[in-house]
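**Q** Here it is: the structure, laid out below.
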Amino acid sequence: MLTFDQLTKRFRGTTAVDQVSICCPKPAMIGIIGASGAGKSTLLRMINRLSDASGGRIVFDGQDVTGLQGRAKRQWQSQCAMIFQQFNLVPRMDVVSNVLHGTLNRRSTLATMFNLYPQADIHRAIDILDRLGIAAQAPKRAEALSGGQQQRVAIARALMQDPRIILADEPIASLDPMNAQIVMDALRRIHDEDGRMVIANLHTLDTARRYCDRVIGMRQGRVVFDGTPDQLTTGV
Ligand code: ADP
Ligand code: ADP
């Protein structure tokens, strides 16, 4: 389904990702672990083409997505939704508008300025929020929510685009343990129930072990471990 073939990213003087080859035959929940600077973010950002590879290929369902441009690139990007450590919500905007914000580029900015979101989209947003246990927060401003609630809003925004893959870059690094658990449970459920692939950069081994089907360890741009959590006996 998703394959990295000799994927490489060089910045001036640094090889952030160094000939990484990974094959995911089915939509697993994958945790990527490794120290800061190991190349985890860069790898994730190359998948949805926020960052372009310097070498190698990414192939999804038989399609080489590495060189897509224009409309085809945008279509691919809409299939890979991303969530971030800092949630990246619009703090003063209400929760529902934040969830619908991602649909903006498909519609006129003017219409959304006046909150003219289609009813069907609003209903869908609220259904998704409900599923994540935060429908009651829908009218509040994003900034009024706890970190764990904000990350669930970001997940809801990601789900609005009905992605095949959810890319999560340190999704729980800013959260306390209880909220971290709620957010990881939500990601796991989205994987189990919807069959979406989840690829999460995680900084703790324990989290990867507990939630992921497969753990990939990176060091200095290279894969140094790739296996199931129970094959993971030593730290990377
Ligand atoms: P991680 O997510 O594991 O912390 P990153 O992918 O952010 O690692 O970074 C991997 C390496 O690439 C680091 O040495 C980092 O400094 C470097 N790097 C990342 N982004 C850039 C960039 N835009 N320009 C130059 N170097 C970068
Ligand atoms: P994160 O906490 O997600 O790893 P960083 O602080 O490493 O983020 O990087 C933030 C931004 O700066 C990213 O867009 C990354 O690509 C860029 N960046 C990271 N390292 C470098 C670097 N050595 N030189 C230039 N840009 C960098």
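How things are named: the first chain in the structure tokens is A, the next is B, and so on; residues count from 1 in each chain; ligands count from 1 in the order shown.
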For A:Ala186, find every residue with an atom within 9 Å (counting only C-alpha atoms), except residues of its own chain fewer than 5 positions away, and show them as number ranges by chain.

**A** A: 132, 152, 155, 181, 191

**Q** Go ahead and write the residues just picked, N, CA, C and O atoms, as a CSV table (one decimal), in the first residue's frame.

**A**
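Output below, filename again.csv:
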chain,number,residue,atom,x,y,z
A,132,LEU,N,-15.5,12.0,18.8
A,132,LEU,CA,-14.3,12.2,19.6
A,132,LEU,C,-14.6,12.7,21.0
A,132,LEU,O,-13.7,13.0,21.8
A,152,ARG,N,-7.9,17.0,19.9
A,152,ARG,CA,-9.0,16.3,19.3
A,152,ARG,C,-9.8,17.1,18.2
A,152,ARG,O,-10.3,16.6,17.2
A,155,ILE,N,-7.7,16.7,15.2
A,155,ILE,CA,-8.0,15.3,14.6
A,155,ILE,C,-9.3,15.4,13.8
A,155,ILE,O,-9.5,14.9,12.7
A,181,GLN,N,-3.2,10.0,26.7
A,181,GLN,CA,-3.8,8.7,26.5
A,181,GLN,C,-5.1,8.9,25.7
A,181,GLN,O,-5.5,8.1,24.8
A,191,HIS,N,-8.0,4.4,13.5
A,191,HIS,CA,-7.3,3.3,12.7
A,191,HIS,C,-8.2,2.0,12.7
A,191,HIS,O,-8.5,1.5,11.7

**Q** Which neighbours of A:Gly102 fall inside 8 Å, counting only C-alpha atoms, when residues of the same chain fewer than 3 positions from it are skipped, and could you give them as a list in words?

**A**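 Answer for this query is Asn98, Val99, Asn105, Arg157, Ala158, Met160 and Gln161 of chain A.
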
**Q** Give me, as CSV, each residue of chain A that comes within 12 Å of ligand 1, together with its shortest interatomic pair and the distance in Å at one decimal, counting only C-alpha atoms and all ligand atoms, with rows ordered by chain and rising residue number.

**A**
residue,atom,partner,partner_atom_place_in_ligand_line,distance
A:Thr8,CA,ligand 1,12 (O),11.1
A:Lys9,CA,ligand 1,12 (O),8.3
A:Arg10,CA,ligand 1,12 (O),7.8
A:Phe11,CA,ligand 1,25 (C),4.9
A:Arg12,CA,ligand 1,25 (C),6.4
A:Gly13,CA,ligand 1,26 (N),8.1
A:Thr14,CA,ligand 1,14 (O),6.2
A:Thr15,CA,ligand 1,12 (O),6.6
A:Ala16,CA,ligand 1,12 (O),4.0
A:Val17,CA,ligand 1,10 (C),7.0
A:Asp18,CA,ligand 1,10 (C),10.1
A:Ile32,CA,ligand 1,3 (O),8.9
A:Ile33,CA,ligand 1,3 (O),7.8
A:Gly34,CA,ligand 1,3 (O),6.2
A:Ala35,CA,ligand 1,3 (O),5.9
A:Ser36,CA,ligand 1,4 (O),3.6
A:Gly37,CA,ligand 1,8 (O),3.4
A:Ala38,CA,ligand 1,3 (O),3.7
A:Gly39,CA,ligand 1,6 (O),3.3
A:Lys40,CA,ligand 1,3 (O),3.8
A:Ser41,CA,ligand 1,2 (O),3.5
A:Thr42,CA,ligand 1,6 (O),3.7
A:Leu43,CA,ligand 1,6 (O),6.4
A:Leu44,CA,ligand 1,6 (O),8.1
A:Arg45,CA,ligand 1,6 (O),8.3
A:Met46,CA,ligand 1,6 (O),9.8
A:Leu50,CA,ligand 1,23 (N),10.6
A:Ser51,CA,ligand 1,23 (N),8.5
A:Asp52,CA,ligand 1,23 (N),10.8
A:Phe84,CA,ligand 1,2 (O),11.5
A:Gln85,CA,ligand 1,2 (O),11.2
A:Ala168,CA,ligand 1,2 (O),11.2
A:Asp169,CA,ligand 1,2 (O),7.9
A:Glu170,CA,ligand 1,2 (O),8.5
A:Ala200,CA,ligand 1,2 (O),10.9
A:Asn201,CA,ligand 1,2 (O),7.6
A:Leu202,CA,ligand 1,3 (O),9.3
A:His203,CA,ligand 1,3 (O),8.8
A:Ile216,CA,ligand 1,3 (O),11.8
A:Gly217,CA,ligand 1,3 (O),10.1
A:Met218,CA,ligand 1,3 (O),7.6
A:Arg219,CA,ligand 1,3 (O),8.0
A:Gln220,CA,ligand 1,10 (C),7.5
A:Gly221,CA,ligand 1,10 (C),6.8
A:Arg222,CA,ligand 1,10 (C),10.5
A:Val223,CA,ligand 1,3 (O),11.5

**Q** Which residue, A:Gln86, A:Ser97, A:Gln75, A:Gln137, has the smallest gap to ligand 2 when you use only C-alpha atoms and all ligand atoms?

**A**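 Smallest distance to ligand 2 is found for A:Gln86.
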
**Q** From the list A:Ile83, A:Ile166, A:Leu187, A:Val90, which residue is nearest ligand 2 when using only C-alpha atoms and all ligand atoms?

**A** A:Ile83

**Q** Fewer than 4 positions away in the same chain doesn't count, so skip those; otherwise give me all residues within 7 Å of stretch 206-209 of chain A, counting only C-alpha atoms, as JSON, numbers by chain.

**A** {"A": [31, 202, 215, 229]}
